[in-house]
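Text of upload32.cif (mmCIF, C-alpha atoms) as supplied:
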data_protein
#
loop_
_atom_site.label_atom_id
_atom_site.label_comp_id
_atom_site.auth_asym_id
_atom_site.auth_seq_id
_atom_site.Cartn_x
_atom_site.Cartn_y
_atom_site.Cartn_z
CA MET A 216 0.00 0.00 0.00
CA LYS A 217 1.26 3.46 -0.89
CA LEU A 218 -0.52 6.80 -0.94
CA VAL A 219 0.07 10.55 -0.80
CA CYS A 220 -2.39 12.76 1.09
CA ALA A 221 -2.64 16.21 2.63
CA GLN A 222 -1.56 16.48 6.28
CA SER A 223 -4.75 18.46 7.06
CA ASP A 224 -7.01 15.74 5.56
CA LEU A 225 -5.32 12.92 7.46
CA SER A 226 -5.18 14.81 10.75
CA THR A 227 -8.78 16.09 10.58
CA ASN A 228 -10.27 12.72 9.71
CA LEU A 229 -8.16 10.93 12.31
CA SER A 230 -9.43 13.29 15.01
CA LEU A 231 -13.04 12.61 13.92
CA VAL A 232 -12.80 8.81 14.00
CA SER A 233 -10.51 8.62 17.03
CA ARG A 234 -13.46 9.50 19.24
CA ALA A 235 -14.75 5.95 18.66
CA VAL A 236 -11.45 4.42 19.84
CA PRO A 237 -11.94 2.98 23.35
CA SER A 238 -9.69 4.33 26.12
CA ARG A 239 -9.44 0.81 27.59
CA PRO A 240 -9.74 -1.56 24.62
CA THR A 241 -10.95 -5.09 25.38
CA HIS A 242 -8.80 -6.30 22.49
CA PRO A 243 -5.50 -4.74 21.26
CA VAL A 244 -6.75 -4.17 17.69
CA LEU A 245 -9.55 -1.86 18.96
CA ALA A 246 -6.89 0.74 19.90
CA ASN A 247 -6.23 1.05 16.16
CA VAL A 248 -7.87 2.77 13.24
CA LEU A 249 -8.40 0.78 10.08
CA LEU A 250 -6.92 2.59 7.07
CA GLN A 251 -8.18 1.44 3.66
CA ALA A 252 -6.84 2.89 0.41
CA ASP A 253 -8.55 2.39 -2.95
CA ALA A 254 -6.42 2.96 -6.04
CA GLN A 255 -9.43 3.01 -8.39
CA THR A 256 -11.35 5.78 -6.61
CA ASN A 257 -8.33 7.52 -5.01
CA GLN A 258 -10.20 7.42 -1.71
CA VAL A 259 -8.80 6.71 1.75
CA SER A 260 -11.18 5.64 4.50
CA LEU A 261 -10.50 5.55 8.25
CA THR A 262 -12.59 3.43 10.62
CA ALA A 263 -12.68 3.24 14.42
CA PHE A 264 -14.97 0.91 16.36
CA ASP A 265 -15.35 0.22 20.09
CA LEU A 266 -17.95 -2.53 19.44
CA SER A 267 -20.73 -0.09 20.38
CA LEU A 268 -19.96 3.07 18.39
CA GLY A 269 -18.36 2.91 14.96
CA ILE A 270 -17.23 5.87 12.79
CA ARG A 271 -15.96 5.76 9.22
CA THR A 272 -14.82 8.84 7.29
CA SER A 273 -13.28 9.13 3.84
CA PHE A 274 -11.19 11.67 1.99
CA ASN A 275 -9.43 12.05 -1.37
CA ALA A 276 -5.78 11.11 -1.78
CA GLU A 277 -3.37 9.99 -4.48
CA VAL A 278 -3.38 6.21 -4.04
CA TRP A 279 -0.51 4.54 -5.89
CA GLU A 280 -1.11 1.11 -4.41
CA GLY A 281 -4.33 0.08 -2.68
CA GLY A 282 -4.46 -1.87 0.56
CA ALA A 283 -5.66 -1.94 4.16
CA ILE A 284 -3.90 -1.88 7.52
CA ALA A 285 -4.68 -1.22 11.20
CA LEU A 286 -2.65 1.62 12.76
CA PRO A 287 -2.38 2.77 16.40
CA ALA A 288 -4.95 5.58 16.60
CA LYS A 289 -3.53 7.81 19.33
CA LEU A 290 0.09 7.61 18.14
CA LEU A 291 -0.87 8.29 14.51
CA LEU A 292 -3.02 11.28 15.49
CA ASP A 293 -0.31 12.66 17.80
CA ILE A 294 2.24 12.50 14.99
CA THR A 295 0.11 13.80 12.10
CA SER A 296 -1.49 16.64 14.07
CA ARG A 297 1.98 18.02 14.85
CA LEU A 298 3.37 17.78 11.32
CA ALA A 299 3.61 20.87 9.13
CA GLU A 300 0.98 21.37 6.43
CA GLY A 301 1.75 19.75 3.13
CA GLU A 302 1.86 16.30 1.58
CA ILE A 303 2.52 13.11 3.55
CA THR A 304 3.43 9.81 1.95
CA LEU A 305 2.20 6.64 3.69
CA ASP A 306 4.01 3.51 2.70
CA ASP A 307 3.24 0.00 3.94
CA GLU A 308 6.65 -1.62 4.20
CA SER A 309 5.39 -5.00 5.38
CA ALA A 310 6.89 -6.70 2.37
CA ALA A 311 10.31 -5.32 3.15
CA THR A 312 10.32 -6.30 6.82
CA SER A 313 10.94 -9.73 8.19
CA SER A 314 8.03 -11.61 9.73
CA THR A 315 9.56 -11.27 13.19
CA GLU A 316 9.31 -7.48 13.04
CA GLY A 317 5.67 -7.53 11.98
CA LEU A 318 3.96 -4.80 9.95
CA THR A 319 5.35 -1.27 9.70
CA VAL A 320 4.01 1.86 8.05
CA THR A 321 6.29 4.74 7.14
CA LEU A 322 5.06 8.34 7.17
CA THR A 323 7.19 10.69 5.12
CA PRO A 324 6.34 14.40 5.46
CA LYS A 325 8.40 17.15 3.81
CA SER A 326 10.88 17.28 6.63
CA GLY A 327 11.15 13.85 8.17
CA HIS A 328 10.52 10.15 8.38
CA TYR A 329 8.37 8.27 10.94
CA GLN A 330 7.81 4.56 11.29
CA VAL A 331 4.78 3.11 13.10
CA ARG A 332 4.13 -0.51 14.02
CA ALA A 333 0.85 -1.76 12.58
CA MET A 334 -1.50 -4.76 12.67
CA GLY A 335 -3.14 -6.73 9.90
CA ALA A 336 -6.47 -5.36 8.61
CA GLU A 337 -8.05 -8.80 8.89
CA GLU A 338 -7.93 -8.54 12.71
CA PHE A 339 -10.09 -5.41 12.75
CA PRO A 340 -13.81 -6.08 13.44
CA GLU A 341 -16.23 -5.19 10.65
CA LEU A 342 -18.75 -2.40 11.18
CA PRO A 343 -22.30 -3.77 11.47
CA ILE A 344 -24.32 -3.77 8.26
CA ILE A 345 -28.10 -3.58 8.39
CA GLU A 346 -29.58 -5.64 5.59
CA ASN A 347 -33.15 -5.49 4.29
CA ALA A 348 -33.99 -2.71 6.73
CA GLU A 349 -36.34 0.13 5.85
CA VAL A 350 -34.25 3.16 4.94
CA LEU A 351 -35.27 6.67 5.80
CA HIS A 352 -33.81 9.71 4.07
CA LEU A 353 -33.71 13.03 5.86
CA THR A 354 -31.76 16.22 5.28
CA ALA A 355 -28.67 17.07 7.27
CA ALA A 356 -30.34 20.37 8.28
CA ALA A 357 -33.32 18.58 9.87
CA LEU A 358 -31.02 16.21 11.73
CA ILE A 359 -28.70 18.97 12.98
CA GLU A 360 -31.73 21.03 14.10
CA GLY A 361 -33.29 18.11 15.96
CA LEU A 362 -30.05 17.10 17.69
CA ARG A 363 -29.26 20.64 18.73
CA GLY A 364 -32.66 21.05 20.36
CA SER A 365 -32.63 17.74 22.25
CA LEU A 366 -29.14 16.41 23.06
CA PHE A 367 -28.52 18.87 25.91
CA ALA A 368 -31.46 17.44 27.91
CA THR A 369 -30.20 13.83 28.04
CA SER A 370 -29.07 12.36 31.35
CA ALA A 371 -25.36 12.01 32.14
CA ASP A 372 -26.17 9.34 34.75
CA GLU A 373 -25.31 5.95 33.21
CA THR A 374 -27.58 4.17 35.72
CA LYS A 375 -30.55 5.84 34.01
CA GLN A 376 -29.69 3.86 30.86
CA VAL A 377 -32.49 4.73 28.41
CA LEU A 378 -32.46 8.40 29.54
CA THR A 379 -28.82 8.73 28.41
CA GLY A 380 -30.06 8.76 24.81
CA VAL A 381 -32.33 10.69 22.46
CA HIS A 382 -35.58 8.97 21.51
CA LEU A 383 -36.25 9.24 17.76
CA THR A 384 -39.75 8.71 16.41
CA VAL A 385 -40.01 8.53 12.64
CA LYS A 386 -43.58 9.16 11.51
CA GLN A 387 -45.09 9.40 8.05
CA ASP A 388 -43.86 12.94 7.36
CA THR A 389 -42.17 14.06 10.58
CA LEU A 390 -39.15 13.16 12.66
CA GLU A 391 -39.44 13.72 16.42
CA PHE A 392 -36.49 13.98 18.82
CA ALA A 393 -37.11 13.70 22.59
CA ALA A 394 -34.70 13.81 25.53
CA THR A 395 -35.24 13.92 29.28
CA ASP A 396 -33.14 13.43 32.40
CA GLY A 397 -36.13 13.27 34.75
CA HIS A 398 -36.03 17.02 35.61
CA ARG A 399 -36.57 18.53 32.17
CA LEU A 400 -37.74 17.43 28.74
CA ALA A 401 -36.92 18.68 25.24
CA VAL A 402 -39.00 17.68 22.21
CA VAL A 403 -38.23 18.80 18.65
CA GLU A 404 -40.34 18.01 15.60
CA THR A 405 -38.81 18.43 12.15
CA THR A 406 -40.21 17.72 8.70
CA ASN A 407 -39.23 14.47 7.07
CA GLU A 408 -38.43 15.38 3.46
CA ARG A 409 -39.02 11.90 2.07
CA PRO A 410 -41.98 10.18 3.76
CA LEU A 411 -41.75 6.57 4.88
CA GLY A 412 -42.93 3.97 2.41
CA GLY A 413 -44.99 2.15 5.05
CA SER A 414 -47.66 3.61 7.29
CA ASN A 415 -46.11 2.55 10.60
CA SER A 416 -43.94 4.82 12.70
CA VAL A 417 -40.50 3.66 13.84
CA GLU A 418 -39.08 4.38 17.31
CA VAL A 419 -35.51 4.00 18.52
CA THR A 420 -33.39 5.39 21.39
CA VAL A 421 -29.83 6.27 20.38
CA PRO A 422 -27.04 6.99 22.93
CA ALA A 423 -26.23 10.69 23.30
CA ARG A 424 -22.54 9.92 22.88
CA ALA A 425 -23.11 8.53 19.37
CA LEU A 426 -25.34 11.46 18.41
CA ARG A 427 -22.77 14.04 19.58
CA GLU A 428 -20.25 12.40 17.26
CA LEU A 429 -22.85 12.45 14.48
CA GLN A 430 -23.26 16.20 15.12
CA ARG A 431 -19.50 16.72 14.74
CA LEU A 432 -19.33 14.65 11.57
CA LEU A 433 -22.26 16.50 9.98
CA ALA A 434 -20.77 19.89 10.86
CA HIS A 435 -17.54 18.83 9.19
CA SER A 436 -18.70 17.00 6.08
CA SER A 437 -22.21 17.77 4.90
CA SER A 438 -24.24 20.49 3.22
CA SER A 439 -27.59 21.36 4.82
CA ASP A 440 -29.72 19.89 2.03
CA GLU A 441 -27.74 16.67 1.76
CA PRO A 442 -29.76 13.46 2.26
CA ILE A 443 -28.69 11.32 5.21
CA ALA A 444 -29.70 7.66 5.02
CA LEU A 445 -30.92 6.24 8.31
CA TYR A 446 -31.16 2.46 8.81
CA PHE A 447 -32.80 0.79 11.84
CA ASP A 448 -32.96 -2.70 13.09
CA PRO A 449 -33.44 -4.10 16.62
CA GLY A 450 -30.34 -3.14 18.57
CA GLN A 451 -28.58 -1.15 15.85
CA VAL A 452 -28.83 2.14 13.95
CA VAL A 453 -26.71 3.41 11.03
CA PHE A 454 -26.40 6.96 9.62
CA SER A 455 -24.78 7.11 6.19
CA TRP A 456 -23.98 9.92 3.71
CA GLN A 457 -21.33 10.61 1.05
CA ASN A 458 -18.54 8.27 2.12
CA GLN A 459 -19.19 8.81 5.82
CA ARG A 460 -20.85 6.37 8.17
CA LEU A 461 -21.74 6.21 11.86
CA THR A 462 -23.08 3.06 13.47
CA SER A 463 -24.30 2.70 17.03
CA ARG A 464 -25.99 0.23 19.30
CA THR A 465 -29.41 1.39 20.43
CA LEU A 466 -30.49 1.66 24.07
CA GLU A 467 -32.72 -1.08 25.38
CA GLY A 468 -35.77 -0.42 27.54
CA GLN A 469 -39.09 1.40 27.39
CA TYR A 470 -38.70 5.14 26.87
CA PRO A 471 -41.04 7.24 29.09
CA THR A 472 -44.37 8.28 27.53
CA TYR A 473 -43.19 11.88 27.55
CA ARG A 474 -46.17 13.37 25.68
CA GLN A 475 -48.33 12.68 28.77
CA LEU A 476 -46.03 14.94 30.84
CA ILE A 477 -46.82 18.04 28.75
CA PRO A 478 -49.88 19.94 30.09
CA ARG A 479 -52.60 20.79 27.57
CA GLN A 480 -53.99 23.95 29.24
CA PHE A 481 -52.36 26.83 31.05
CA GLU A 482 -53.54 29.55 33.45
CA ARG A 483 -50.66 31.92 32.69
CA GLN A 484 -48.63 32.91 29.66
CA VAL A 485 -45.55 35.09 29.35
CA THR A 486 -43.90 36.36 26.16
CA ILE A 487 -40.34 37.58 26.64
CA GLU A 488 -37.24 38.51 24.66
CA ARG A 489 -35.02 35.41 24.79
CA ARG A 490 -31.57 37.01 24.59
CA GLN A 491 -32.31 39.54 27.34
CA PHE A 492 -33.75 36.81 29.55
CA LEU A 493 -30.69 34.62 29.01
CA THR A 494 -28.09 37.34 29.63
CA THR A 495 -29.92 38.38 32.83
CA LEU A 496 -29.89 34.76 34.01
CA GLU A 497 -26.16 34.54 33.23
CA ARG A 498 -25.50 37.54 35.49
CA ILE A 499 -27.70 36.21 38.30
CA ALA A 500 -26.05 32.78 37.94
CA VAL A 501 -22.80 34.19 39.33
CA LEU A 502 -24.54 34.28 42.71
CA ALA A 503 -26.64 31.17 42.19
CA ASP A 504 -23.48 29.12 41.67
CA GLN A 505 -22.31 30.03 45.15
CA LYS A 506 -24.97 27.96 46.87
CA ASN A 507 -27.76 25.93 45.38
CA ASN A 508 -28.23 27.04 41.76
CA ILE A 509 -31.78 28.29 42.46
CA VAL A 510 -33.24 31.39 40.78
CA LYS A 511 -36.65 32.84 41.70
CA LEU A 512 -38.95 34.38 39.06
CA SER A 513 -41.61 36.85 40.20
CA ILE A 514 -44.17 37.34 37.42
CA ASP A 515 -46.09 40.60 37.78
CA GLY A 516 -49.09 41.02 35.43
CA GLU A 517 -49.90 44.60 36.55
CA ALA A 518 -46.39 45.90 35.95
CA GLN A 519 -45.93 43.60 32.91
CA GLU A 520 -42.49 42.60 34.07
CA ILE A 521 -40.55 39.62 35.39
CA THR A 522 -38.12 39.97 38.30
CA LEU A 523 -35.30 37.47 38.68
CA SER A 524 -33.71 37.15 42.09
CA CYS A 525 -31.16 35.02 43.86
CA GLU A 526 -29.91 34.94 47.43
CA ALA A 527 -26.64 33.29 48.32
CA GLN A 528 -26.27 33.07 52.09
CA ASP A 529 -23.12 34.75 53.47
CA VAL A 530 -22.25 35.99 49.96
CA GLY A 531 -24.93 38.42 48.77
CA SER A 532 -27.98 38.68 46.57
CA GLY A 533 -28.94 39.77 43.09
CA ARG A 534 -32.13 41.10 41.55
CA GLU A 535 -33.04 42.27 38.04
CA SER A 536 -36.32 43.07 36.29
CA MET A 537 -37.24 43.04 32.61
CA PRO A 538 -40.39 43.80 30.59
CA ALA A 539 -42.65 40.97 29.42
CA GLN A 540 -46.14 40.45 28.02
CA ILE A 541 -48.01 38.66 30.78
CA SER A 542 -51.52 37.21 30.95
CA GLY A 543 -52.87 35.56 34.10
CA GLU A 544 -52.42 36.18 37.82
CA ASN A 545 -49.14 37.04 39.55
CA ILE A 546 -46.98 34.12 40.66
CA GLU A 547 -43.60 33.36 42.18
CA ILE A 548 -41.78 30.31 40.87
CA ALA A 549 -38.22 28.94 41.22
CA PHE A 550 -35.96 26.85 38.99
CA ASN A 551 -32.56 25.27 38.88
CA ILE A 552 -30.86 28.06 36.92
CA LYS A 553 -28.74 25.60 34.89
CA TYR A 554 -31.87 24.01 33.40
CA LEU A 555 -33.29 27.41 32.46
CA MET A 556 -30.11 28.62 30.77
CA GLU A 557 -29.43 25.41 28.85
CA GLY A 558 -32.98 25.37 27.47
CA LEU A 559 -32.97 29.07 26.51
CA LYS A 560 -29.69 28.69 24.62
CA GLU A 561 -31.27 26.11 22.31
CA LEU A 562 -34.68 27.74 21.73
CA PRO A 563 -34.13 29.12 18.21
CA SER A 564 -36.08 32.41 18.16
CA SER A 565 -35.73 36.01 19.31
CA GLU A 566 -38.86 35.78 21.47
CA ILE A 567 -40.11 32.85 23.53
CA GLN A 568 -43.34 32.00 25.32
CA ILE A 569 -43.54 30.58 28.83
CA HIS A 570 -46.71 28.64 29.67
CA LEU A 571 -47.39 27.81 33.31
CA ASN A 572 -50.08 26.88 35.84
CA GLN A 573 -48.96 26.66 39.49
CA SER A 574 -45.62 27.16 41.23
CA LEU A 575 -44.83 23.42 41.32
CA THR A 576 -46.41 22.16 38.06
CA PRO A 577 -44.44 21.67 34.79
CA VAL A 578 -43.54 24.86 32.91
CA ILE A 579 -43.35 24.87 29.11
CA PHE A 580 -41.01 27.08 27.04
CA THR A 581 -41.57 27.37 23.28
CA PRO A 582 -39.98 29.51 20.54
CA LEU A 583 -42.21 32.11 18.93
CA GLY A 584 -42.23 31.04 15.27
CA GLY A 585 -39.70 28.84 13.50
CA LEU A 586 -38.76 25.40 14.78
CA LYS A 587 -41.41 23.33 16.51
CA MET A 588 -39.71 22.82 19.87
CA THR A 589 -41.10 22.25 23.37
CA TYR A 590 -38.92 22.56 26.46
CA LEU A 591 -40.41 21.48 29.79
CA ALA A 592 -38.72 22.32 33.10
CA MET A 593 -39.86 21.27 36.54
CA PRO A 594 -39.90 24.11 39.10
CA VAL A 595 -38.40 23.65 42.56
CA GLN A 596 -39.92 24.50 45.91
CA ILE A 597 -39.19 27.97 47.25
CA ARG A 598 -37.83 27.80 50.78
CA ASN A 599 -38.51 31.02 52.65
#
Starting from the file, lay out its structure as structure tokens.
Amino acid sequence: MKLVCAQSDLSTNLSLVSRAVPSRPTHPVLANVLLQADAQTNQVSLTAFDLSLGIRTSFNAEVWEGGAIALPAKLLLDITSRLAEGEITLDDESAATSSTEGLTVTLTPKSGHYQVRAMGAEEFPELPIIENAEVLHLTAAALIEGLRGSLFATSADETKQVLTGVHLTVKQDTLEFAATDGHRLAVVETTNERPLGGSNSVEVTVPARALRELQRLLAHSSSSDEPIALYFDPGQVVFSWQNQRLTSRTLEGQYPTYRQLIPRQFERQVTIERRQFLTTLERIAVLADQKNNIVKLSIDGEAQEITLSCEAQDVGSGRESMPAQISGENIEIAFNIKYLMEGLKELPSSEIQIHLNQSLTPVIFTPLGGLKMTYLAMPVQIRN
């Protein structure tokens, strides 16, 4: 195998796939990336797989001799990321080495010469292939939008298993993303450009870790109107586009019936400028961080304003008011400030609406116009 590629291409693609290399591999070959070079297409593909998450990316190169080999991921990335920009030659010298030395790959940049021990490609596990599965096509823009509005609300607690993922529901002409950690819930509905052939909806829960990598890959290598192919089968999901591919195990277990958590009617409604609300919360959060992360909202219908306040014992207090359009009676309500700020950052509109009933019932935040997104946050009890 022999090829010439750009340092930036090799380094960038290595950093993308390396995120699927396990930190403690159960088998030595899993610490490697599989490099495959195709002389006919002049394409080089890199694959990493931890037996749960698999990532494959491809880029153009000048392939003189095709072949495949498994290379140590971290070492290769550490070397290539530090090399100067320009062309790098990769040469598989296995034929020239004795069998006792094993496989070696030589990297030759403009100014040097590096040799890396390698393993045979045949030892590397194959990425799962889903055969005869129904394929769904959606645009990269719809996928990016849905992930952005839901991923932040997943649970980081591994014991909560199914809550550590995003629940995807593919309906006839819509794609719904839902995420909850038990304290808040984010639901995003995007249009499915190419409706399903069948009439049934498909549901699957995909680990947040895999979807964050998908987000990175899409940001790097897709245009917004590009079709992404999505394949499901029990236990596995595959996203595929251009010459890129991400495969992930799905999460087992029954996802909560989250639609039942969203109230249908509300006694109070507030319309407020999102950016101003968020920047005010960010200032107040300096004090909230000192103690318990709680911010109190006082909603005043007569004055048509909201007052945010926070008291940090032995440190100080903060208070700010801002105008809002308010309907319904006055109320005081408190939240974990982190949940408020994270939700507001992802609501994609200049104005938002807050729908609420009582001081301890679920509160709904929605963007005014644009993306169909619902963010539910549970209030906390105010201790006087």
- Query: Near Lys325 (chain A), counting only C-alpha atoms, which residues have an atom at most 9 Å away, once you skip same-chain residues fewer than 2 positions from it, shown as a ChimeraX atom specification?
  - Reply: /A:299-303,323,327-328
**Asked** Mind telling me what the PyMOL selection byres ((chain A and resi 430-446) around 9) catches here, as a ChimeraX atom specification?
**Response** /A:231,272,345-346,348-359,362-363,408,425-429,447-448,451-457,459,461
Residues matched by the PyMOL selection byres ((chain A and resi 384) around 7) as a list of chain:residue names =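 This file, filtered by the PyMOL selection byres ((chain A and resi 384) around 7), leaves A:His382, A:Leu383, A:Val385, A:Lys386, A:Leu390, A:Glu391, A:Phe392, A:Ser416, A:Val417, A:Glu418, A:Val419.
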Decode the PyMOL selection byres ((chain A and resi 279) around 8) for the given file into explicit residues and return them as a PDB file with C-alpha atoms, keeping the file's coordinate frame.
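Result saved to expr-v8.pdb:
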ATOM      1  CA  MET A 216       0.000   0.000   0.000  1.00  0.00           C
ATOM      2  CA  LYS A 217       1.260   3.460  -0.890  1.00  0.00           C
ATOM      3  CA  LEU A 218      -0.520   6.800  -0.940  1.00  0.00           C
ATOM      4  CA  VAL A 219       0.070  10.550  -0.800  1.00  0.00           C
ATOM      5  CA  ALA A 254      -6.420   2.960  -6.040  1.00  0.00           C
ATOM      6  CA  GLU A 277      -3.370   9.990  -4.480  1.00  0.00           C
ATOM      7  CA  VAL A 278      -3.380   6.210  -4.040  1.00  0.00           C
ATOM      8  CA  GLU A 280      -1.110   1.110  -4.410  1.00  0.00           C
ATOM      9  CA  GLY A 281      -4.330   0.080  -2.680  1.00  0.00           C
TER      10      GLY A 281
END
Can you write out as JSON lines which residues of region 529-588 of chain A fall within 9 Å of region 462-480 of chain A, alongside each residue's closest atom pair and its distance in Å to one decimal, counting all atoms listed in the file and ordering rows by chain and ascending residue number?
{"residue": "A:His570", "atom": "CA", "partner": "A:Gln480", "partner_atom": "CA", "distance": 8.7}
{"residue": "A:Leu571", "atom": "CA", "partner": "A:Gln480", "partner_atom": "CA", "distance": 8.7}
{"residue": "A:Asn572", "atom": "CA", "partner": "A:Gln480", "partner_atom": "CA", "distance": 8.2}
{"residue": "A:Thr576", "atom": "CA", "partner": "A:Pro478", "partner_atom": "CA", "distance": 9.0}
{"residue": "A:Pro577", "atom": "CA", "partner": "A:Pro478", "partner_atom": "CA", "distance": 7.4}
{"residue": "A:Val578", "atom": "CA", "partner": "A:Pro478", "partner_atom": "CA", "distance": 8.5}
{"residue": "A:Ile579", "atom": "CA", "partner": "A:Ile477", "partner_atom": "CA", "distance": 7.7}
Of the candidates A:Arg297, A:Arg332, A:Arg239, A:Lys289, which one gets nearest to Gln222 (chain A) if we count all atoms listed in the file?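 Between A:Arg297, A:Arg332, A:Arg239, A:Lys289, the residue approaching Gln222 (chain A) most closely is A:Arg297.
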A straight line from CA of His398 (chain A) to CA of Ala368 (chain A) spans 9.0 Å
Of A:Ala518, A:Ile567, A:Ala549, A:Leu559, the one sitting nearest Thr495 (chain A) when using all atoms listed in the file is A:Leu559
Work out how far CA of Leu493 (chain A) is from CA of Met588 (chain A), in Å to one decimal.
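Those two atoms sit 17.4 Å apart.
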Choose the residue, out of A:Asp515, A:Glu561, A:Glu566, A:Asp306, that has the smallest atom-to-atom separation from Gly364 (chain A); count only C-alpha atoms.
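Among A:Asp515, A:Glu561, A:Glu566, A:Asp306, it is A:Glu561 that comes nearest to Gly364 (chain A).
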Pairwise distance, CA of Arg424 (chain A) with CA of Leu268 (chain A), equals 8.6 Å
From the list A:Ala401, A:Leu366, A:Val485, A:Ile541, the nearest residue to Gly516 (chain A) using all atoms listed in the file is A:Ile541
Using only C-alpha atoms, the residue out of A:Asp265, A:Asp504, A:Glu547, A:Glu373 with shortest distance to Pro243 (chain A) is A:Asp265
* List as a ChimeraX atom specification: which residues have an atom within 10 Å of (-35.7, 29.9, 22.9), counting all atoms listed in the file? -> /A:364,487-490,492-493,556-569,580-583,586,588-590
Taking only C-alpha atoms into account, name the residue in A:Gln255, A:Thr405, A:Ser536, A:Thr227 that is nearest to Gln491 (chain A).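 Residue with the minimum atom-to-atom distance to Gln491 (chain A): A:Ser536.
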* Residues near region 525-532 of chain A, cut-off 9 Å, only C-alpha atoms, skip fewer than 3 positions along chain, as a ChimeraX atom specification -> /A:499-500,502-511
Taking (-9.0, 14.4, 10.0) in the file's coordinates as the center, which residues reach within 10 Å of it, counting only C-alpha atoms, put as a list of chain:residue names?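 Within the cut-off we find A:Ala221, A:Gln222, A:Ser223, A:Asp224, A:Leu225, A:Ser226, A:Thr227, A:Asn228, A:Leu229, A:Ser230, A:Leu231, A:Val232, A:Ser233, A:Leu261, A:Thr272, A:Ser273, A:Phe274, A:Leu292, A:Thr295, A:Ser296, A:His435.
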